[in-house]
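Chemist: I'm passing along model_11.txt; it holds compact mmCIF, C-alpha atoms.
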```txt
# COMPACT_ATOMS: atom_id res chain seq x y z
CA MET A 730 44.95 47.37 -7.51
CA ASN A 731 48.40 48.89 -7.61
CA HIS A 732 51.17 47.96 -5.24
CA ASN A 733 50.96 51.03 -3.08
CA ASP A 734 47.41 50.26 -2.09
CA HIS A 735 48.53 47.64 0.36
CA ASP A 736 52.14 48.39 0.87
CA HIS A 737 52.19 49.38 4.51
CA ASP A 738 49.11 50.30 6.40
CA HIS A 739 46.78 47.71 4.98
CA ASP A 740 44.43 50.39 3.72
CA HIS A 741 43.09 47.74 1.41
CA ASP A 742 40.73 49.17 -1.14
CA HIS A 743 39.18 45.73 -1.53
CA ASP A 744 38.04 45.82 2.10
CA HIS A 745 35.21 48.02 0.96
CA GLN A 746 34.08 45.94 -1.99
CA GLY A 747 32.03 43.50 0.02
CA ASP A 748 32.94 40.65 2.32
CA ASP A 749 33.04 37.90 -0.30
CA LYS A 750 35.71 39.68 -2.30
CA VAL A 751 37.79 40.32 0.79
CA HIS A 752 37.60 36.71 1.88
CA ALA A 753 38.35 35.42 -1.62
CA TYR A 754 41.33 37.77 -1.82
CA TYR A 755 42.91 36.33 1.33
CA GLN A 756 42.51 32.77 0.15
CA ILE A 757 44.30 33.72 -3.05
CA LEU A 758 46.97 35.58 -1.06
CA GLY A 759 47.44 32.50 1.14
CA GLN A 760 47.93 30.31 -1.90
CA ALA A 761 50.37 32.82 -3.44
CA LEU A 762 52.43 32.98 -0.22
CA LYS A 763 52.48 29.19 0.03
CA GLU A 764 53.74 28.80 -3.55
CA LEU A 765 56.43 31.45 -3.16
CA LEU A 766 57.67 30.09 0.17
CA ILE A 767 57.91 26.59 -1.29
CA GLU A 768 59.73 27.84 -4.41
CA LYS A 769 62.24 29.71 -2.27
CA GLY A 770 62.83 26.67 -0.08
CA VAL A 771 61.60 28.42 3.08
CA VAL A 772 59.09 25.61 3.64
CA SER A 773 58.46 22.44 1.67
CA ALA A 774 55.16 21.01 0.52
CA SER A 775 55.82 17.89 2.56
CA GLU A 776 56.50 19.91 5.72
CA ILE A 777 53.17 21.66 5.28
CA ARG A 778 51.38 18.35 4.67
CA THR A 779 53.05 16.74 7.69
CA ALA A 780 52.10 19.68 9.90
CA MET A 781 48.48 19.41 8.74
CA GLU A 782 48.42 15.68 9.44
CA ARG A 783 50.04 16.13 12.81
CA ARG A 784 47.52 18.77 13.77
CA ASP A 785 44.66 16.43 12.91
CA THR A 786 46.04 13.75 15.25
CA ILE A 787 45.99 16.05 18.30
CA THR A 788 42.57 15.90 19.92
CA PRO A 789 41.06 16.40 23.39
CA ALA A 790 41.81 12.70 23.95
CA ASN A 791 45.31 13.88 24.90
CA GLY A 792 43.98 16.08 27.66
CA ALA A 793 41.54 13.38 28.77
CA LYS A 794 44.43 10.95 29.33
CA VAL A 795 46.08 13.46 31.64
CA VAL A 796 42.89 14.23 33.57
CA ALA A 797 41.90 10.57 33.96
CA ARG A 798 45.34 9.78 35.37
CA ALA A 799 45.03 12.69 37.80
CA TRP A 800 41.66 11.29 38.94
CA VAL A 801 43.01 7.83 39.78
CA ASP A 802 46.54 8.63 40.91
CA GLY A 803 46.98 11.16 43.71
CA ASP A 804 50.73 11.38 43.22
CA TYR A 805 50.25 12.16 39.53
CA ARG A 806 47.65 14.78 40.40
CA ALA A 807 50.13 16.42 42.78
CA ARG A 808 52.83 16.42 40.10
CA LEU A 809 50.39 17.87 37.55
CA LEU A 810 49.41 20.70 39.88
CA HIS A 811 53.02 21.37 40.83
CA ASP A 812 54.64 21.21 37.37
CA ALA A 813 52.19 20.55 34.57
CA ASN A 814 54.78 20.63 31.78
CA SER A 815 56.70 17.73 33.33
CA ALA A 816 53.52 15.83 34.19
CA VAL A 817 52.13 15.92 30.64
CA ALA A 818 55.57 15.01 29.30
CA GLU A 819 55.06 11.65 31.06
CA PHE A 820 52.50 11.04 28.28
CA GLY A 821 54.95 12.16 25.61
CA ILE A 822 53.28 15.56 25.29
CA GLU A 823 56.01 18.19 25.05
CA MET A 824 55.23 21.90 25.31
CA PRO A 825 58.72 23.39 25.14
CA THR A 826 57.81 27.01 24.45
CA THR A 827 54.88 27.47 26.82
CA HIS A 828 54.34 27.23 30.55
CA LEU A 829 51.38 24.95 31.29
CA VAL A 830 49.30 25.38 34.45
CA ALA A 831 46.74 22.79 35.60
CA LEU A 832 43.70 24.18 37.43
CA GLU A 833 41.80 21.95 39.80
CA ASN A 834 38.03 22.27 40.03
CA THR A 835 36.70 21.59 43.53
CA PRO A 836 33.28 21.80 45.19
CA ALA A 837 34.24 25.39 46.11
CA VAL A 838 36.04 26.61 42.95
CA HIS A 839 35.26 26.30 39.24
CA ASN A 840 37.90 27.39 36.70
CA VAL A 841 37.30 28.75 33.20
CA VAL A 842 39.97 29.52 30.58
CA VAL A 843 40.00 32.27 27.96
CA CYS A 844 42.51 34.18 25.87
CA THR A 845 41.11 37.71 25.77
CA LEU A 846 43.87 39.00 23.50
CA CYS A 847 43.75 36.28 20.86
CA SER A 848 43.41 32.51 20.89
CA CYS A 849 46.13 31.02 23.09
CA TYR A 850 45.05 27.52 24.00
CA PRO A 851 46.69 24.26 25.09
CA ARG A 852 46.74 22.96 21.51
CA ASP A 853 48.99 20.01 22.37
CA LEU A 854 46.38 18.75 24.82
CA LEU A 855 43.10 19.77 23.18
CA GLY A 856 43.81 20.27 19.47
CA LEU A 857 42.83 23.48 17.71
CA PRO A 858 40.50 25.80 19.60
CA PRO A 859 36.82 25.84 18.59
CA ALA A 860 35.57 28.93 16.74
CA TRP A 861 33.72 30.26 19.80
CA TYR A 862 36.93 30.26 21.87
CA LYS A 863 38.42 32.67 19.31
CA SER A 864 35.24 34.75 19.04
CA LYS A 865 34.99 38.34 20.17
CA ALA A 866 31.89 37.46 22.17
CA TYR A 867 33.61 34.83 24.34
CA ARG A 868 36.88 36.76 24.69
CA SER A 869 35.20 40.01 25.69
CA ARG A 870 32.51 38.72 28.03
CA VAL A 871 33.74 35.70 29.97
CA VAL A 872 36.04 37.86 32.10
CA HIS A 873 33.25 40.11 33.37
CA SER A 874 30.19 37.86 33.16
CA PRO A 875 31.45 34.31 33.54
CA ARG A 876 28.20 32.95 34.98
CA ALA A 877 26.15 34.39 32.12
CA VAL A 878 28.60 32.92 29.60
CA LEU A 879 28.57 29.54 31.33
CA HIS A 880 24.77 29.65 31.25
CA GLU A 881 24.91 30.02 27.46
CA PHE A 882 26.86 26.76 27.44
CA GLY A 883 24.18 25.15 29.61
CA THR A 884 26.36 25.26 32.72
CA ASP A 885 24.75 26.66 35.84
CA LEU A 886 26.82 26.60 39.00
CA PRO A 887 25.54 27.18 42.54
CA GLU A 888 26.13 30.73 43.79
CA THR A 889 28.29 29.24 46.54
CA VAL A 890 30.87 28.10 43.96
CA GLU A 891 33.56 30.65 43.21
CA VAL A 892 34.20 31.05 39.46
CA ARG A 893 37.79 31.88 38.51
CA VAL A 894 38.59 33.02 34.97
CA HIS A 895 42.14 32.53 33.74
CA ASP A 896 43.43 34.65 30.85
CA SER A 897 45.99 32.79 28.73
CA THR A 898 49.01 34.34 27.04
CA ALA A 899 51.43 33.34 24.32
CA ASP A 900 53.64 32.01 27.15
CA MET A 901 51.12 30.51 29.54
CA ARG A 902 48.35 27.98 28.82
CA TYR A 903 45.83 26.39 31.17
CA LEU A 904 44.22 22.97 31.51
CA VAL A 905 41.17 22.60 33.74
CA ILE A 906 40.94 19.36 35.74
CA PRO A 907 37.19 18.87 36.07
CA MET A 908 35.79 17.18 39.18
CA ARG A 909 35.48 13.44 39.00
CA PRO A 910 31.78 12.63 39.09
CA GLU A 911 30.28 10.59 41.89
CA GLY A 912 29.42 7.00 41.16
CA THR A 913 32.64 6.33 39.24
CA ASP A 914 34.50 4.50 42.00
CA GLY A 915 36.37 1.56 40.61
CA TRP A 916 36.19 2.78 36.99
CA ASP A 917 39.42 2.28 35.09
CA GLU A 918 41.17 5.12 33.25
CA ASP A 919 39.74 4.11 29.87
CA ALA A 920 36.19 4.35 31.17
CA LEU A 921 36.90 7.62 32.94
CA ARG A 922 38.40 9.19 29.80
CA SER A 923 35.09 8.78 28.02
CA LEU A 924 33.55 11.28 30.47
CA ILE A 925 36.15 13.99 29.92
CA THR A 926 35.26 16.35 27.09
CA ARG A 927 37.06 19.32 25.60
CA ASP A 928 34.58 21.79 27.08
CA THR A 929 35.12 20.39 30.60
CA MET A 930 38.85 20.97 30.20
CA ILE A 931 38.26 24.58 29.05
CA GLY A 932 35.84 24.97 31.94
CA VAL A 933 32.67 25.97 30.09
CA ALA A 934 31.08 22.66 31.08
CA SER A 935 31.19 20.46 34.13
CA ILE A 936 30.70 16.70 34.25
CA MET B 1313 44.00 53.44 23.43
CA ARG B 1314 42.87 49.86 23.16
CA GLY B 1315 44.37 47.85 20.33
CA PRO B 1316 41.94 45.95 18.10
CA HIS B 1317 42.82 42.69 19.85
CA ASP B 1318 42.24 43.96 23.39
CA LEU B 1319 38.70 42.73 23.96
CA GLY B 1320 38.58 41.66 27.61
CA GLY B 1321 35.83 43.49 29.50
CA LEU B 1322 33.94 44.64 26.41
CA ASP B 1323 30.65 43.12 25.30
CA PHE B 1324 30.28 41.54 21.88
CA GLY B 1325 26.97 39.86 22.61
CA PRO B 1326 25.89 36.22 22.67
CA ILE B 1327 28.31 33.46 21.80
CA ASP B 1328 27.79 31.52 18.59
CA PRO B 1329 28.33 27.94 19.75
CA ASP B 1330 28.77 26.59 16.20
CA GLU B 1331 32.04 24.68 15.96
CA HIS B 1332 32.82 25.97 12.43
CA PRO B 1333 35.28 23.18 11.54
CA LEU B 1334 38.36 24.45 9.74
CA THR B 1335 38.40 24.47 5.95
CA PHE B 1336 41.31 22.97 4.03
CA TRP B 1337 42.55 26.47 3.31
CA GLU B 1338 42.53 27.41 7.01
CA LYS B 1339 44.32 24.20 7.98
CA GLN B 1340 46.95 24.98 5.38
CA ILE B 1341 47.61 28.45 6.79
CA ASP B 1342 47.76 26.96 10.29
CA ALA B 1343 50.31 24.43 9.02
CA ILE B 1344 52.50 27.03 7.27
CA ARG B 1345 52.52 29.04 10.48
CA ALA B 1346 53.46 25.87 12.46
CA VAL B 1347 56.38 25.10 10.11
CA ILE B 1348 57.63 28.68 10.11
CA GLY B 1349 57.38 28.74 13.90
CA ALA B 1350 59.21 25.42 14.28
CA LYS B 1351 62.00 26.71 12.03
CA LYS B 1352 62.25 29.82 14.23
CA ILE B 1353 61.63 32.11 11.27
CA VAL B 1354 58.70 33.83 13.01
CA SER B 1355 57.98 33.24 16.71
CA THR B 1356 54.54 33.10 18.32
CA HIS B 1357 55.24 36.50 19.83
CA GLU B 1358 56.16 38.04 16.50
CA ASN B 1359 52.99 36.63 15.00
CA ARG B 1360 50.90 38.00 17.86
CA ARG B 1361 52.51 41.40 17.53
CA THR B 1362 52.03 41.57 13.76
CA ILE B 1363 48.37 40.64 14.14
CA GLU B 1364 47.86 43.23 16.87
CA GLN B 1365 49.37 45.87 14.58
CA LEU B 1366 47.06 45.19 11.65
CA GLY B 1367 44.89 48.08 12.83
CA HIS B 1368 41.19 48.22 13.62
CA ASP B 1369 39.96 48.22 10.01
CA VAL B 1370 41.82 45.12 8.96
CA TYR B 1371 41.50 43.29 12.29
CA ASP B 1372 37.76 43.82 12.42
CA THR B 1373 37.14 42.99 8.74
CA LEU B 1374 39.16 39.80 8.50
CA ASN B 1375 38.40 36.46 10.05
CA TYR B 1376 40.92 34.55 12.12
CA TYR B 1377 43.07 32.86 9.49
CA GLU B 1378 42.78 35.81 7.15
CA ARG B 1379 44.52 37.84 9.87
CA TRP B 1380 47.21 35.16 10.02
CA THR B 1381 47.60 35.42 6.25
CA ALA B 1382 47.85 39.22 6.34
CA ALA B 1383 50.43 38.86 9.13
CA LEU B 1384 52.40 36.25 7.19
CA GLN B 1385 52.62 38.58 4.21
CA ARG B 1386 53.85 41.43 6.40
CA GLN B 1387 56.43 39.24 8.14
CA MET B 1388 57.83 37.79 4.92
CA ILE B 1389 58.25 41.28 3.47
CA ASP B 1390 59.74 42.73 6.68
CA LYS B 1391 62.26 39.89 6.87
CA GLY B 1392 63.26 40.31 3.22
CA ILE B 1393 62.14 36.76 2.36
CA LEU B 1394 59.54 37.94 -0.19
CA THR B 1395 58.89 41.26 -1.90
CA GLN B 1396 55.56 43.01 -2.30
CA ASP B 1397 56.04 42.95 -6.07
CA GLU B 1398 56.50 39.19 -6.31
CA ILE B 1399 53.54 38.61 -3.98
CA ASP B 1400 51.32 40.89 -6.08
CA GLN B 1401 52.45 39.19 -9.25
CA ARG B 1402 51.74 35.73 -7.84
CA VAL B 1403 48.36 36.83 -6.50
CA ALA B 1404 47.47 37.95 -10.03
CA GLU B 1405 48.62 34.59 -11.42
CA VAL B 1406 46.63 32.58 -8.87
CA ARG B 1407 43.56 34.71 -9.53
CA GLN B 1408 43.91 34.14 -13.28
CA ARG B 1409 44.39 30.40 -12.72
CA LEU B 1410 41.30 30.33 -10.56
CA LEU B 1411 39.28 32.09 -13.27
CA GLU B 1412 40.51 29.73 -15.98
CA THR B 1413 40.49 26.39 -14.18
CA GLY B 1414 38.30 26.90 -11.14
CA GLU B 1415 41.22 25.63 -9.01
CA MET B 1416 43.84 27.51 -7.02
CA GLU B 1417 46.47 24.82 -7.44
CA VAL B 1418 48.35 24.39 -10.72
CA PRO B 1419 46.47 21.62 -12.59
```
Reformat the file's structure so that it appears as structure tokens.
Modeler:
Amino acid sequence: MNHNDHDHDHDHDHDHQGDDKVHAYYQILGQALKELLIEKGVVSASEIRTAMERRDTITPANGAKVVARAWVDGDYRARLLHDANSAVAEFGIEMPTTHLVALENTPAVHNVVVCTLCSCYPRDLLGLPPAWYKSKAYRSRVVHSPRAVLHEFGTDLPETVEVRVHDSTADMRYLVIPMRPEGTDGWDEDALRSLITRDTMIGVASI
Amino acid sequence: MRGPHDLGGLDFGPIDPDEHPLTFWEKQIDAIRAVIGAKKIVSTHENRRTIEQLGHDVYDTLNYYERWTAALQRQMIDKGILTQDEIDQRVAEVRQRLLETGEMEVP
């Protein structure tokens, strides 16, 4: 391949040589970019390693802490609904560049989150998004057929429940507060957290 | 006209529920992007915009982190941090290394 082949418009000739070659090419390109950026001092190997480790430590347990607190503490719930960024900061979770909105599921309203344009997601609360959240199928369909999509996740809501779909942006992320199940009176936050899964905080599942 | 990223309201069929855990390579690209974002070299918005401008062919052919890699290349060239020539040269070296050693990293 000569340089002009992929200088500007990404008219990559290798795109037409079969998927395996394309995918192998991008892994090699990623490695080449990493090496060059390290050599030029733009990033360091240890910064990359630290970022990878940090990413692995962020899991839906973060979001579950927030939701469990909102279930047991009405004042916290009110703060979370009023100003979610400040409320999650009480747990040391800082989201300085994005506006976070908490969405409360009720017997009348069920909330579902998507990013139709890409993959925006409350990563600081839930970790990296699952593959399906980034898929064309989920992004394209959940906005017009939310009940059908929820059904594919095994979630069937009564027709009387209003389903609201929230489309995230680079600036605005959403956290669903699922409904606290009946029969959990007197449970402490630790026990409650065990009920709160990633999918319930995206809204494709209920508890 | 719809950009390649503008999917809301279309219909791409049933959802594959497989979690597809990230590979090491994907995690590494995610991490480079995180570091470059934290250093304010390329913002989330710039990354989004570069990805949206990849065009239908590239956007539809590449998977998620491959798009990020294509975008990273574009951004580094546009900002004058890397040149296309040095990237091409290093790609050739990595490919040769991979052929000879079976590894992408320098042994």
Chemist: Rank nothing, just name the residue among A:Met908, A:Ala837, A:Ala790, A:Cys847 nearest to Val890 of chain A, using all atoms listed in the file.
Modeler: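 The closest residue to Val890 of chain A is A:Ala837.
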Chemist: With distances taken over all atoms listed in the file, which residue among B:Pro1419, B:Gln1408, B:Ala1382, B:Asp1330 lies nearest Asn1359 of chain B?
Modeler: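 Once distances to Asn1359 of chain B are computed over all atoms listed in the file, the minimum belongs to B:Ala1382.
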Chemist: Given all atoms listed in the file, how would the per-residue table for chain A near chain B read, listing every residue at most 7 Å away with its closest atom pair and distance in Å to one decimal, sorted by chain and number, as CSV?
Modeler:
```
residue,atom,partner,partner_atom,distance
A:His739,CA,B:Val1370,CA,6.9
A:Tyr755,CA,B:Glu1378,CA,5.8
A:Ile757,CA,B:Val1403,CA,6.2
A:Leu758,CA,B:Val1403,CA,5.8
A:Gly759,CA,B:Thr1381,CA,5.9
A:Ala761,CA,B:Val1403,CA,5.4
A:Leu762,CA,B:Ile1399,CA,6.9
A:Glu776,CA,B:Val1347,CA,6.8
A:Ile777,CA,B:Ala1343,CA,5.5
A:Ala780,CA,B:Ala1343,CA,5.2
A:Met781,CA,B:Ala1343,CA,5.4
A:Thr845,CA,B:Gly1320,CA,5.0
A:Leu846,CA,B:Asp1318,CA,5.2
A:Cys847,CA,B:His1317,CA,6.6
A:Pro859,CA,B:Glu1331,CA,5.6
A:Ala860,CA,B:Glu1331,CA,5.6
A:Trp861,CA,B:Pro1329,CA,5.9
A:Lys865,CA,B:Phe1324,CA,5.9
A:Ala866,CA,B:Phe1324,CA,4.4
A:Tyr867,CA,B:Ile1327,CA,6.0
A:Arg868,CA,B:Gly1320,CA,6.0
A:Ser869,CA,B:Gly1320,CA,4.2
A:Arg870,CA,B:Asp1323,CA,5.5
A:Val872,CA,B:Gly1321,CA,6.2
A:His873,CA,B:Gly1321,CA,5.7
A:Ala899,CA,B:His1357,CA,6.7
```
Chemist: Atom CA of Phe820 of chain A to atom CA of Asp785 of chain A: how many Å, to one decimal?
Modeler: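 So the two atoms, atom CA of Phe820 of chain A and atom CA of Asp785 of chain A, lie 18.1 Å apart.
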Chemist: Have a look at B:Arg1314, B:Gly1349, B:Val1354, B:Leu1411 and name the one nearest to Asp1390 of chain B; count all atoms listed in the file.
Modeler: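 Answer, going by the shortest atom-to-atom distance: B:Val1354.
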Chemist: Do you have the atom CA of Arg902 of chain A-atom CA of Pro825 of chain A distance handy?
Modeler: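 These two atoms are separated by 11.9 Å.
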Chemist: Kindly list the centre and edge lengths in Å, rounded to one decimal, for the axis-aligned box that covers all listed atoms of segment 1341-1358 of chain B plus 4 Å on each of its six sides, as lines of an AutoDock Vina configuration file.
Modeler:
```
center_x = 54.9
center_y = 31.2
center_z = 13.3
size_x = 22.6
size_y = 21.6
size_z = 21.0
```
Chemist: Fewer than 4 positions away in the same chain doesn't count, so skip those; otherwise give me all residues within 8 Å of segment 926-934 of chain A, counting only C-alpha atoms, as a VMD selection string.
Modeler: chain A and resid 789 792 to 793 839 to 843 855 879 882 to 884 904 to 907
Chemist: Taking the structure I provided as the source, export segment 901-925 of chain A with N, CA and C atoms, as a PDB file, in the first residue's frame.
Modeler:
```pdb
ATOM      1  N   MET A 901     -24.184  14.490  28.380  1.00  0.00           N
ATOM      2  CA  MET A 901     -25.199  14.109  29.344  1.00  0.00           C
ATOM      3  C   MET A 901     -25.352  12.590  29.428  1.00  0.00           C
ATOM      4  N   ARG A 902     -25.218  12.058  30.648  1.00  0.00           N
ATOM      5  CA  ARG A 902     -25.323  10.618  30.878  1.00  0.00           C
ATOM      6  C   ARG A 902     -26.454  10.364  31.870  1.00  0.00           C
ATOM      7  N   TYR A 903     -27.003   9.162  31.815  1.00  0.00           N
ATOM      8  CA  TYR A 903     -28.161   8.836  32.653  1.00  0.00           C
ATOM      9  C   TYR A 903     -27.890   7.600  33.509  1.00  0.00           C
ATOM     10  N   LEU A 904     -28.462   7.619  34.716  1.00  0.00           N
ATOM     11  CA  LEU A 904     -28.452   6.454  35.594  1.00  0.00           C
ATOM     12  C   LEU A 904     -29.897   6.168  35.985  1.00  0.00           C
ATOM     13  N   VAL A 905     -30.358   4.944  35.704  1.00  0.00           N
ATOM     14  CA  VAL A 905     -31.709   4.564  36.101  1.00  0.00           C
ATOM     15  C   VAL A 905     -31.686   4.084  37.554  1.00  0.00           C
ATOM     16  N   ILE A 906     -32.617   4.595  38.350  1.00  0.00           N
ATOM     17  CA  ILE A 906     -32.815   4.084  39.711  1.00  0.00           C
ATOM     18  C   ILE A 906     -33.966   3.084  39.634  1.00  0.00           C
ATOM     19  N   PRO A 907     -33.648   1.787  39.643  1.00  0.00           N
ATOM     20  CA  PRO A 907     -34.742   0.816  39.550  1.00  0.00           C
ATOM     21  C   PRO A 907     -35.621   0.880  40.806  1.00  0.00           C
ATOM     22  N   MET A 908     -36.812   0.283  40.710  1.00  0.00           N
ATOM     23  CA  MET A 908     -37.693   0.259  41.882  1.00  0.00           C
ATOM     24  C   MET A 908     -37.185  -0.754  42.896  1.00  0.00           C
ATOM     25  N   ARG A 909     -37.240  -0.377  44.140  1.00  0.00           N
ATOM     26  CA  ARG A 909     -36.859  -1.305  45.205  1.00  0.00           C
ATOM     27  C   ARG A 909     -37.914  -2.400  45.306  1.00  0.00           C
ATOM     28  N   PRO A 910     -37.485  -3.665  45.245  1.00  0.00           N
ATOM     29  CA  PRO A 910     -38.488  -4.727  45.251  1.00  0.00           C
ATOM     30  C   PRO A 910     -39.189  -4.852  46.612  1.00  0.00           C
ATOM     31  N   GLU A 911     -40.399  -5.346  46.545  1.00  0.00           N
ATOM     32  CA  GLU A 911     -41.143  -5.607  47.787  1.00  0.00           C
ATOM     33  C   GLU A 911     -40.464  -6.733  48.550  1.00  0.00           C
ATOM     34  N   GLY A 912     -40.693  -6.725  49.855  1.00  0.00           N
ATOM     35  CA  GLY A 912     -40.130  -7.799  50.672  1.00  0.00           C
ATOM     36  C   GLY A 912     -38.697  -7.537  51.095  1.00  0.00           C
ATOM     37  N   THR A 913     -38.219  -6.286  50.880  1.00  0.00           N
ATOM     38  CA  THR A 913     -36.839  -5.987  51.266  1.00  0.00           C
ATOM     39  C   THR A 913     -36.791  -4.985  52.420  1.00  0.00           C
ATOM     40  N   ASP A 914     -37.925  -4.826  53.097  1.00  0.00           N
ATOM     41  CA  ASP A 914     -37.942  -3.914  54.250  1.00  0.00           C
ATOM     42  C   ASP A 914     -36.915  -4.380  55.270  1.00  0.00           C
ATOM     43  N   GLY A 915     -36.192  -3.445  55.797  1.00  0.00           N
ATOM     44  CA  GLY A 915     -35.236  -3.791  56.846  1.00  0.00           C
ATOM     45  C   GLY A 915     -33.902  -4.310  56.323  1.00  0.00           C
ATOM     46  N   TRP A 916     -33.783  -4.525  55.009  1.00  0.00           N
ATOM     47  CA  TRP A 916     -32.479  -4.949  54.457  1.00  0.00           C
ATOM     48  C   TRP A 916     -31.489  -3.795  54.582  1.00  0.00           C
ATOM     49  N   ASP A 917     -30.229  -4.125  54.868  1.00  0.00           N
ATOM     50  CA  ASP A 917     -29.233  -3.057  54.897  1.00  0.00           C
ATOM     51  C   ASP A 917     -28.709  -2.794  53.474  1.00  0.00           C
ATOM     52  N   GLU A 918     -27.913  -1.730  53.339  1.00  0.00           N
ATOM     53  CA  GLU A 918     -27.462  -1.334  52.001  1.00  0.00           C
ATOM     54  C   GLU A 918     -26.644  -2.426  51.318  1.00  0.00           C
ATOM     55  N   ASP A 919     -25.821  -3.126  52.095  1.00  0.00           N
ATOM     56  CA  ASP A 919     -25.015  -4.206  51.505  1.00  0.00           C
ATOM     57  C   ASP A 919     -25.896  -5.259  50.840  1.00  0.00           C
ATOM     58  N   ALA A 920     -26.940  -5.646  51.563  1.00  0.00           N
ATOM     59  CA  ALA A 920     -27.834  -6.683  51.029  1.00  0.00           C
ATOM     60  C   ALA A 920     -28.580  -6.151  49.806  1.00  0.00           C
ATOM     61  N   LEU A 921     -29.001  -4.907  49.883  1.00  0.00           N
ATOM     62  CA  LEU A 921     -29.738  -4.321  48.760  1.00  0.00           C
ATOM     63  C   LEU A 921     -28.869  -4.220  47.504  1.00  0.00           C
ATOM     64  N   ARG A 922     -27.593  -3.873  47.709  1.00  0.00           N
ATOM     65  CA  ARG A 922     -26.693  -3.729  46.546  1.00  0.00           C
ATOM     66  C   ARG A 922     -26.638  -4.995  45.709  1.00  0.00           C
ATOM     67  N   SER A 923     -26.754  -6.129  46.386  1.00  0.00           N
ATOM     68  CA  SER A 923     -26.618  -7.405  45.662  1.00  0.00           C
ATOM     69  C   SER A 923     -27.762  -7.604  44.667  1.00  0.00           C
ATOM     70  N   LEU A 924     -28.833  -6.833  44.814  1.00  0.00           N
ATOM     71  CA  LEU A 924     -29.977  -6.966  43.898  1.00  0.00           C
ATOM     72  C   LEU A 924     -29.818  -6.091  42.659  1.00  0.00           C
ATOM     73  N   ILE A 925     -28.923  -5.119  42.743  1.00  0.00           N
ATOM     74  CA  ILE A 925     -28.889  -4.052  41.733  1.00  0.00           C
ATOM     75  C   ILE A 925     -27.841  -4.390  40.672  1.00  0.00           C
TER      76      ILE A 925
END
```
